[in-house]
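The structure appears right after this line, and notes come after that.
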2 protein chains.
Amino acid sequence: MRFDEATAVVASGSDTYSGEIQPGWDIVGITNGGYLMTMSARAMGQESPGRDLVSISAHFLSPARPGPVTIGVETLKVGRGISTLRAELRSDDKPLVTAIASFADPNRQMSDEEMFDSAPPDLPPPDGCVRAESSQEAFFPPPFVDRVEMLLHPDDAALFSGDPAGVARIRGWLRLLDGEQSDAYGAVMASDALPPAIFNANLPVNWTPTLDMTVHVRDPKPREWLRLEVRTKYVTGGLLEEDGEIWDEEGNLVAHSRQLALVPR
Amino acid sequence: MRFDEATAVVASGSDTYSGEIQPGWDIVGITNGGYLMTMSARAMGQESPGRDLVSISAHFLSPARPGPVTIGVETLKVGRGISTLRAELRSDDKPLVTAIASFADPNRQMSDEEMFDSAPPDLPPPDGCVRAESSQEAFFPPPFVDRVEMLLHPDDAALFSGDPAGVARIRGWLRLLDGEQSDAYGAVMASDALPPAIFNANLPVNWTPTLDMTVHVRDPKPREWLRLEVRTKYVTGGLLEEDGEIWDEEGNLVAHSRQLALVPR
């Protein structure tokens, strides 16, 4: 099943969409947060025709599992250049995800200033990286990695065999299967696709529940390969932040993300 | 007027709070976003007794000006360790800010792992920095800087006299006036208190409208001085992100923030 089908939502009433969380997009049975944000974003996007997803902030309320969900959408403002909406994704009337998103008119007047004070993640080309495949015996790598093509930096791939690099950073390439391109929605999912960066440090490897996550899409153009990096700088007070960046093969910035998660115990 | 009074909200009905945006917390007449997030967070905090603000994500819908506002609050989930709420701050029935926040039980079970992969901003002690004061003649520095004590790194203070350092980064100390301490709410305001980091680069200096902002509070303990840094790495597609960090005098991480803004024209 294509990614856009796996995350599809259809109007099922006034301001309400329905969809089906597909199996296989999970980690220890719990559906990936980026996948749920993608479904929420698609519902809000259908209420914002002709506008591009720029920003989505989600807080996660309860773990999600495969099955039917509904998404209530409320349009808060339609501005000249920017629209803001909110969504609530529910299963059996239990809220799972609440989100706010902004969409932009691609033809709005905007500054053409450019500044880049950093560079894409240091990563060999895809054929120099190591493909992640799910484990039949262990919970990690999870089935999720088979839903996409994920190629890890050779220095980071060793964490899959229990040999973390010692730095809370993971780099890799990701593309959708069967030639499907990643647009803004693909970037949202990809922002949460790599294993938690702390799995590459000398910290416990276990379910790392995300409290909230924001993805900013800097360029929504569809692309084949995405060049990803996730990094955690601070683990303290039972919490960790994880910052992600997504670039394309040509060195264009596609998106960046930040999430706050509970430190696994 | 103390900061906690200037951002106070009082219950005015079922799930509704009222407050008054005070004059002087503005930039070119438009109220600071961190100030509005603080009022929103206080309303949600009153519905979360005994829990500490951990995370607030806000999207900004319309510019705010001094005057009365109401804040509608909805509790989405009260979990064992974490509660999630949402709020909408309105003036004259026009929505200005929509926000989601998470509050944590300070006595929850949590990991005691610690990791610090970066350091506090490089900054001389307060008496080696330069106090920011509002301009009587120009729109910048704005009146806002007089509502707090803001001391800038000498290398960054030159931007106030039209001599930017050439790097999109600003560092400074901030404390509340008259001995008031900064708690989690002070940290939310402080996250948006420094001038936009791009004012220190060679880019146009003008009103920089924030689309959305998230503040993560890593330690809510009240403190006198906050050590701040804001930085922008990427200006592209008419958008810029700004990352902030707040530390205390003893080198503890207090909070970090990210906002997405429109590039001034």
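Ligands are numbered from 1 in the order shown, residues from 1 within each chain, and chains are lettered A, B, ... in the order they appear in the structure tokens.
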
Q.
Show me, as a list in words, the residues that have an atom within 12 Å of Gly162 of chain B when counting only C-alpha atoms, minus same-chain residues fewer than 2 positions from it.
A.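 Close residues of Gly162 of chain B: Ala138, Phe140, Pro141, Asp156, Ala157, Ala158, Leu159, Phe160, Pro164, Ala165, Gly166, Phe199, Asn200, Ala201, Asn202, Leu203, Pro204 and Val205 of chain B.
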
Would you save the residues from that selection as a tab-separated table (two decimals), in the first residue's frame, using N, CA, C and O atoms?
chain	number	residue	atom	x	y	z
B	138	ALA	N	12.89	56.13	17.98
B	138	ALA	CA	12.71	55.11	16.94
B	138	ALA	C	11.84	53.97	17.48
B	138	ALA	O	11.53	53.92	18.67
B	140	PHE	N	12.73	51.00	17.65
B	140	PHE	CA	13.61	49.95	18.14
B	140	PHE	C	14.78	50.58	18.89
B	140	PHE	O	15.37	51.54	18.37
B	141	PRO	N	15.18	50.15	20.08
B	141	PRO	CA	14.55	49.09	20.88
B	141	PRO	C	13.14	49.48	21.34
B	141	PRO	O	12.88	50.64	21.64
B	156	ASP	N	26.88	41.91	20.88
B	156	ASP	CA	25.55	41.91	20.27
B	156	ASP	C	24.82	43.23	20.49
B	156	ASP	O	23.91	43.58	19.74
B	157	ALA	N	25.22	43.98	21.54
B	157	ALA	CA	24.52	45.22	21.88
B	157	ALA	C	24.70	46.28	20.79
B	157	ALA	O	23.86	47.18	20.65
B	158	ALA	N	25.77	46.15	19.99
B	158	ALA	CA	26.03	47.14	18.95
B	158	ALA	C	24.93	47.18	17.89
B	158	ALA	O	24.78	48.18	17.18
B	159	LEU	N	24.12	46.12	17.82
B	159	LEU	CA	23.04	46.13	16.83
B	159	LEU	C	22.03	47.23	17.13
B	159	LEU	O	21.37	47.73	16.22
B	160	PHE	N	21.94	47.61	18.43
B	160	PHE	CA	21.01	48.69	18.79
B	160	PHE	C	21.46	50.03	18.23
B	160	PHE	O	20.65	50.94	18.08
B	164	PRO	N	25.22	45.64	13.32
B	164	PRO	CA	25.02	44.22	13.60
B	164	PRO	C	26.33	43.43	13.48
B	164	PRO	O	27.21	43.78	12.70
B	165	ALA	N	26.43	42.35	14.29
B	165	ALA	CA	27.64	41.54	14.33
B	165	ALA	C	27.83	40.71	13.06
B	165	ALA	O	28.92	40.21	12.79
B	166	GLY	N	26.75	40.52	12.27
B	166	GLY	CA	26.86	39.74	11.04
B	166	GLY	C	26.51	38.28	11.21
B	166	GLY	O	26.52	37.51	10.25
B	199	PHE	N	18.16	40.26	13.44
B	199	PHE	CA	18.52	41.68	13.51
B	199	PHE	C	20.04	41.83	13.64
B	199	PHE	O	20.57	42.91	13.39
B	200	ASN	N	20.71	40.77	14.05
B	200	ASN	CA	22.17	40.82	14.19
B	200	ASN	C	22.89	40.34	12.94
B	200	ASN	O	24.12	40.28	12.90
B	201	ALA	N	22.13	39.94	11.92
B	201	ALA	CA	22.73	39.54	10.65
B	201	ALA	C	22.51	40.68	9.66
B	201	ALA	O	21.94	41.71	10.00
B	202	ASN	N	22.95	40.50	8.46
B	202	ASN	CA	22.80	41.57	7.49
B	202	ASN	C	21.52	41.38	6.69
B	202	ASN	O	21.52	41.15	5.50
B	203	LEU	N	20.41	41.48	7.42
B	203	LEU	CA	19.09	41.28	6.83
B	203	LEU	C	18.22	42.46	7.25
B	203	LEU	O	18.54	43.17	8.20
B	204	PRO	N	17.09	42.69	6.55
B	204	PRO	CA	16.24	43.83	6.90
B	204	PRO	C	15.75	43.75	8.35
B	204	PRO	O	15.40	42.68	8.83
B	205	VAL	N	15.75	44.89	9.05
B	205	VAL	CA	15.23	44.97	10.42
B	205	VAL	C	13.81	45.54	10.34
B	205	VAL	O	13.63	46.69	9.96

Q: Report as a list in words the set of chain B residues whose atoms approach chain A to within 7 Å, with distances computed over only C-alpha atoms.
A: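 So the residues of chain B near chain A are Ser57, Leu61, Lys77, Met110, Ser111, Asp112, Glu113, Glu114, Met115, Phe116, Asp117, Ser118, Arg218, Lys233, Tyr234, Val235, Thr236, Gly237, Gly238, Val263, Pro264 and Arg265 of chain B.
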
Generate a file of the selected residues that holds C-alpha atoms, formatted as a PDB file, in the first residue's frame.
ATOM      1  CA  SER B  57       2.872  25.245  21.442  1.00  0.00           C
ATOM      2  CA  LEU B  61      -3.700  34.273  14.350  1.00  0.00           C
ATOM      3  CA  LYS B  77      -6.551  14.607  29.076  1.00  0.00           C
ATOM      4  CA  MET B 110      10.925   9.526  35.927  1.00  0.00           C
ATOM      5  CA  SER B 111      14.299   8.491  34.594  1.00  0.00           C
ATOM      6  CA  ASP B 112      17.269  10.052  36.355  1.00  0.00           C
ATOM      7  CA  GLU B 113      19.554   9.761  33.316  1.00  0.00           C
ATOM      8  CA  GLU B 114      21.361  12.992  32.477  1.00  0.00           C
ATOM      9  CA  MET B 115      23.192  13.985  29.277  1.00  0.00           C
ATOM     10  CA  PHE B 116      24.419  17.435  28.212  1.00  0.00           C
ATOM     11  CA  ASP B 117      25.903  17.613  24.730  1.00  0.00           C
ATOM     12  CA  SER B 118      26.199  21.411  24.600  1.00  0.00           C
ATOM     13  CA  ARG B 218      13.159  21.766  31.385  1.00  0.00           C
ATOM     14  CA  LYS B 233      20.232  29.193  10.949  1.00  0.00           C
ATOM     15  CA  TYR B 234      17.969  29.189   7.910  1.00  0.00           C
ATOM     16  CA  VAL B 235      16.242  32.043   6.078  1.00  0.00           C
ATOM     17  CA  THR B 236      14.507  30.674   2.974  1.00  0.00           C
ATOM     18  CA  GLY B 237      11.109  30.579   1.283  1.00  0.00           C
ATOM     19  CA  GLY B 238      10.050  33.755   3.097  1.00  0.00           C
ATOM     20  CA  VAL B 263      11.001  37.104   7.029  1.00  0.00           C
ATOM     21  CA  PRO B 264      10.559  40.903   7.301  1.00  0.00           C
ATOM     22  CA  ARG B 265      10.347  42.793   4.012  1.00  0.00           C
TER      23      ARG B 265
END

**Q.** Which residue of B:Gly186, B:Pro209, B:Gly24, B:Gly50 approaches Thr38 of chain B most closely, using only C-alpha atoms
**A.** B:Gly186

Q | segment 125-137 of chain A surroundings by only C-alpha atoms, 8 Å radius, close-in-sequence under 3 positions cut, as a count of residues only | A | 16

Q: Measure the distance from atom CA of Gly179 of chain A to atom CA of Glu250 of chain A in Å and round it to one decimal.
A: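 Computing the Euclidean distance for atom CA of Gly179 of chain A and atom CA of Glu250 of chain A yields 18.0 Å.
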
Q) Interatomic distance between atom CA of Ala43 of chain B and atom CA of Arg80 of chain B? A) 20.8 Å

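Neighbours of Arg227 of chain A closer than or equal to 7 Å, with only C-alpha atoms counted and sequence neighbours fewer than 6 positions away skipped, come out as A:Gly172, A:Trp173, A:Leu174, A:Ile246, A:Trp247, A:Asp248, A:Glu249.
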
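A straight line drawn from atom CA of Pro120 of chain A to atom CA of Ala41 of chain A is 25.8 Å long.
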
Q | Members of segment 56-260 of chain B assigned strand (DSSP E or B) by DSSP, as a VMD selection string | A | chain B and resid 56 to 60 67 to 78 82 to 91 94 to 104 115 to 116 130 to 131 149 to 152 169 to 175 182 210 to 217 223 226 to 231 234 to 236 239 to 248 253 to 260

Could you turn the residues from that selection into a file that holds C-alpha atoms, as a short mmCIF file (atom, residue, chain, number, x, y, z; two decimals), in the first residue's frame?
data_model
loop_
_atom_site.label_atom_id
_atom_site.label_comp_id
_atom_site.auth_asym_id
_atom_site.auth_seq_id
_atom_site.Cartn_x
_atom_site.Cartn_y
_atom_site.Cartn_z
CA ILE B 56 3.38 24.97 25.21
CA SER B 57 2.87 25.24 21.44
CA ALA B 58 1.08 28.34 20.16
CA HIS B 59 0.01 29.52 16.71
CA PHE B 60 -0.62 33.25 16.32
CA GLY B 67 -6.97 45.70 26.34
CA PRO B 68 -9.22 42.99 27.79
CA VAL B 69 -9.02 39.40 26.55
CA THR B 70 -10.75 36.14 27.37
CA ILE B 71 -9.12 32.71 27.32
CA GLY B 72 -11.19 29.60 26.78
CA VAL B 73 -9.57 26.46 28.19
CA GLU B 74 -10.36 22.84 27.41
CA THR B 75 -8.78 19.95 29.32
CA LEU B 76 -8.14 17.18 26.80
CA LYS B 77 -6.55 14.61 29.08
CA VAL B 78 -5.48 14.25 32.69
CA ILE B 82 1.00 14.39 32.22
CA SER B 83 -2.07 16.56 31.50
CA THR B 84 -2.80 18.13 28.13
CA LEU B 85 -4.98 21.19 27.62
CA ARG B 86 -5.80 23.63 24.91
CA ALA B 87 -6.58 27.32 25.04
CA GLU B 88 -7.82 30.07 22.78
CA LEU B 89 -7.06 33.69 23.63
CA ARG B 90 -9.62 36.12 22.14
CA SER B 91 -10.24 39.82 22.03
CA LYS B 94 -11.63 37.52 17.48
CA PRO B 95 -9.16 34.67 18.09
CA LEU B 96 -5.59 35.93 18.58
CA VAL B 97 -3.69 32.88 19.83
CA THR B 98 -4.45 29.17 19.90
CA ALA B 99 -2.29 26.94 22.07
CA ILE B 100 -1.80 23.40 23.36
CA ALA B 101 0.13 22.77 26.57
CA SER B 102 1.29 19.84 28.66
CA PHE B 103 1.70 19.95 32.43
CA ALA B 104 3.55 17.34 34.48
CA MET B 115 23.19 13.99 29.28
CA PHE B 116 24.42 17.43 28.21
CA VAL B 130 25.09 46.35 28.13
CA ARG B 131 21.57 47.24 29.31
CA GLU B 149 16.08 44.13 32.92
CA MET B 150 17.79 42.98 29.71
CA LEU B 151 21.59 43.02 29.47
CA LEU B 152 23.12 42.17 26.10
CA ARG B 169 22.55 35.20 17.11
CA ILE B 170 21.84 37.38 20.18
CA ARG B 171 22.93 36.62 23.74
CA GLY B 172 21.91 38.35 26.95
CA TRP B 173 20.82 38.19 30.56
CA LEU B 174 17.25 38.85 31.62
CA ARG B 175 15.65 39.25 35.02
CA SER B 182 11.23 33.86 36.86
CA THR B 210 5.72 34.77 14.42
CA LEU B 211 3.54 32.03 12.95
CA ASP B 212 4.05 29.57 15.77
CA MET B 213 6.24 29.03 18.79
CA THR B 214 6.91 26.16 21.18
CA VAL B 215 8.58 26.52 24.57
CA HIS B 216 9.80 23.47 26.47
CA VAL B 217 10.44 24.10 30.16
CA ARG B 223 15.30 32.01 39.49
CA LEU B 226 18.18 33.94 33.05
CA ARG B 227 21.01 33.50 30.54
CA LEU B 228 19.51 33.65 27.03
CA GLU B 229 20.55 32.95 23.47
CA VAL B 230 18.51 33.08 20.27
CA ARG B 231 19.79 31.92 16.93
CA TYR B 234 17.97 29.19 7.91
CA VAL B 235 16.24 32.04 6.08
CA THR B 236 14.51 30.67 2.97
CA LEU B 239 10.38 31.95 6.45
CA LEU B 240 12.91 31.72 9.24
CA GLU B 241 13.17 29.56 12.34
CA GLU B 242 14.56 30.90 15.59
CA ASP B 243 15.85 28.62 18.33
CA GLY B 244 16.24 29.87 21.88
CA GLU B 245 17.91 28.45 24.96
CA ILE B 246 17.60 29.61 28.56
CA TRP B 247 20.07 28.64 31.26
CA ASP B 248 20.54 29.94 34.79
CA LEU B 253 19.18 24.28 31.52
CA VAL B 254 15.87 26.10 32.19
CA ALA B 255 14.04 26.00 28.82
CA HIS B 256 14.41 25.93 25.06
CA SER B 257 12.19 27.26 22.33
CA ARG B 258 11.65 27.29 18.60
CA GLN B 259 9.55 29.65 16.54
CA LEU B 260 8.76 29.98 12.85
#

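Nearest residue to Phe3 of chain A among A:Met39, A:Ala64, A:Met44, A:Leu194 is A:Met39, counting only C-alpha atoms.
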
Q: Taking the chain letters and numbering used in this document, name the residues of segment 16-261 of chain B that DSSP puts in helix (DSSP H, G or I), as a PyMOL selection string.
A: chain B and resi 33-46+126-128+143-147+154-161+177-179+184-190+197-200

Can those selected residues be exported to a file as a compact mmCIF listing (two decimals), in the first residue's frame so that it contains N, CA and C atoms?
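Final file, again.txt:
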# COMPACT_ATOMS: atom_id res chain seq x y z
N GLY B 33 4.64 38.08 21.55
CA GLY B 33 4.05 36.74 21.51
C GLY B 33 4.28 35.93 22.78
N GLY B 34 5.46 36.06 23.37
CA GLY B 34 5.75 35.33 24.60
C GLY B 34 4.86 35.79 25.75
N TYR B 35 4.54 37.07 25.77
CA TYR B 35 3.61 37.62 26.77
C TYR B 35 2.23 36.97 26.61
N LEU B 36 1.75 36.85 25.37
CA LEU B 36 0.44 36.24 25.12
C LEU B 36 0.44 34.75 25.45
N MET B 37 1.56 34.08 25.16
CA MET B 37 1.68 32.66 25.52
C MET B 37 1.66 32.50 27.04
N THR B 38 2.28 33.44 27.74
CA THR B 38 2.28 33.37 29.21
C THR B 38 0.86 33.46 29.76
N MET B 39 0.06 34.41 29.26
CA MET B 39 -1.33 34.52 29.72
C MET B 39 -2.09 33.22 29.41
N SER B 40 -1.90 32.68 28.20
CA SER B 40 -2.59 31.44 27.83
C SER B 40 -2.16 30.30 28.75
N ALA B 41 -0.85 30.23 29.02
CA ALA B 41 -0.33 29.16 29.88
C ALA B 41 -0.85 29.29 31.30
N ARG B 42 -0.97 30.52 31.80
CA ARG B 42 -1.49 30.70 33.16
C ARG B 42 -2.92 30.20 33.27
N ALA B 43 -3.74 30.46 32.24
CA ALA B 43 -5.13 29.98 32.28
C ALA B 43 -5.17 28.45 32.31
N MET B 44 -4.35 27.83 31.47
CA MET B 44 -4.31 26.35 31.46
C MET B 44 -3.74 25.83 32.78
N GLY B 45 -2.77 26.56 33.33
CA GLY B 45 -2.17 26.15 34.60
C GLY B 45 -3.17 26.17 35.74
N GLN B 46 -4.10 27.13 35.71
CA GLN B 46 -5.12 27.17 36.77
C GLN B 46 -6.05 25.97 36.71
N PRO B 126 26.61 39.56 34.26
CA PRO B 126 25.73 40.70 34.01
C PRO B 126 26.45 42.05 34.04
N ASP B 127 27.39 42.24 34.96
CA ASP B 127 28.00 43.58 35.04
C ASP B 127 28.98 43.84 33.89
N GLY B 128 29.21 42.84 33.04
CA GLY B 128 30.03 43.06 31.85
C GLY B 128 29.19 43.19 30.59
N PRO B 143 9.47 49.50 23.66
CA PRO B 143 9.15 49.70 25.08
C PRO B 143 9.27 48.42 25.90
N PHE B 144 9.02 47.29 25.24
CA PHE B 144 9.10 45.98 25.89
C PHE B 144 10.35 45.82 26.75
N VAL B 145 11.51 46.29 26.24
CA VAL B 145 12.77 46.02 26.96
C VAL B 145 12.82 46.72 28.33
N ASP B 146 11.96 47.74 28.53
CA ASP B 146 11.93 48.42 29.84
C ASP B 146 11.07 47.67 30.86
N ARG B 147 10.31 46.69 30.43
CA ARG B 147 9.45 45.92 31.36
C ARG B 147 10.25 44.87 32.11
N PRO B 154 28.19 42.40 24.97
CA PRO B 154 28.71 43.62 24.33
C PRO B 154 28.82 43.50 22.81
N ASP B 155 29.18 42.31 22.31
CA ASP B 155 29.30 42.13 20.86
C ASP B 155 27.95 42.22 20.15
N ASP B 156 26.88 41.91 20.88
CA ASP B 156 25.55 41.91 20.27
C ASP B 156 24.82 43.23 20.49
N ALA B 157 25.22 43.98 21.54
CA ALA B 157 24.52 45.22 21.88
C ALA B 157 24.70 46.28 20.79
N ALA B 158 25.77 46.15 19.99
CA ALA B 158 26.03 47.14 18.95
C ALA B 158 24.93 47.18 17.89
N LEU B 159 24.12 46.12 17.82
CA LEU B 159 23.04 46.13 16.83
C LEU B 159 22.03 47.23 17.13
N PHE B 160 21.94 47.61 18.43
CA PHE B 160 21.01 48.69 18.79
C PHE B 160 21.46 50.03 18.23
N SER B 161 22.77 50.16 17.94
CA SER B 161 23.23 51.41 17.32
C SER B 161 23.52 51.20 15.84
N LEU B 177 11.84 42.70 37.12
CA LEU B 177 12.15 43.89 37.94
C LEU B 177 11.79 43.65 39.41
N ASP B 178 12.36 44.47 40.29
CA ASP B 178 11.97 44.53 41.71
C ASP B 178 12.08 43.19 42.43
N GLY B 179 13.05 42.37 42.01
CA GLY B 179 13.31 41.13 42.73
C GLY B 179 12.36 39.98 42.45
N ALA B 184 8.37 28.99 35.51
CA ALA B 184 8.09 28.45 34.17
C ALA B 184 7.43 29.51 33.28
N TYR B 185 6.56 30.33 33.88
CA TYR B 185 5.87 31.35 33.08
C TYR B 185 6.84 32.46 32.67
N GLY B 186 7.74 32.80 33.58
CA GLY B 186 8.78 33.76 33.22
C GLY B 186 9.63 33.25 32.07
N ALA B 187 9.90 31.94 32.08
CA ALA B 187 10.71 31.35 31.02
C ALA B 187 10.01 31.43 29.66
N VAL B 188 8.67 31.29 29.68
CA VAL B 188 7.91 31.39 28.42
C VAL B 188 8.06 32.81 27.85
N MET B 189 7.88 33.79 28.70
CA MET B 189 8.02 35.18 28.25
C MET B 189 9.46 35.44 27.79
N ALA B 190 10.43 34.99 28.59
CA ALA B 190 11.84 35.25 28.27
C ALA B 190 12.27 34.61 26.95
N ALA B 197 16.89 37.22 16.29
CA ALA B 197 18.31 36.96 16.04
C ALA B 197 18.77 37.53 14.69
N ILE B 198 17.86 37.56 13.71
CA ILE B 198 18.27 38.05 12.38
C ILE B 198 18.58 39.54 12.38
N PHE B 199 18.16 40.26 13.44
CA PHE B 199 18.52 41.68 13.51
C PHE B 199 20.04 41.83 13.64
N ASN B 200 20.71 40.77 14.05
CA ASN B 200 22.17 40.82 14.19
C ASN B 200 22.89 40.34 12.94
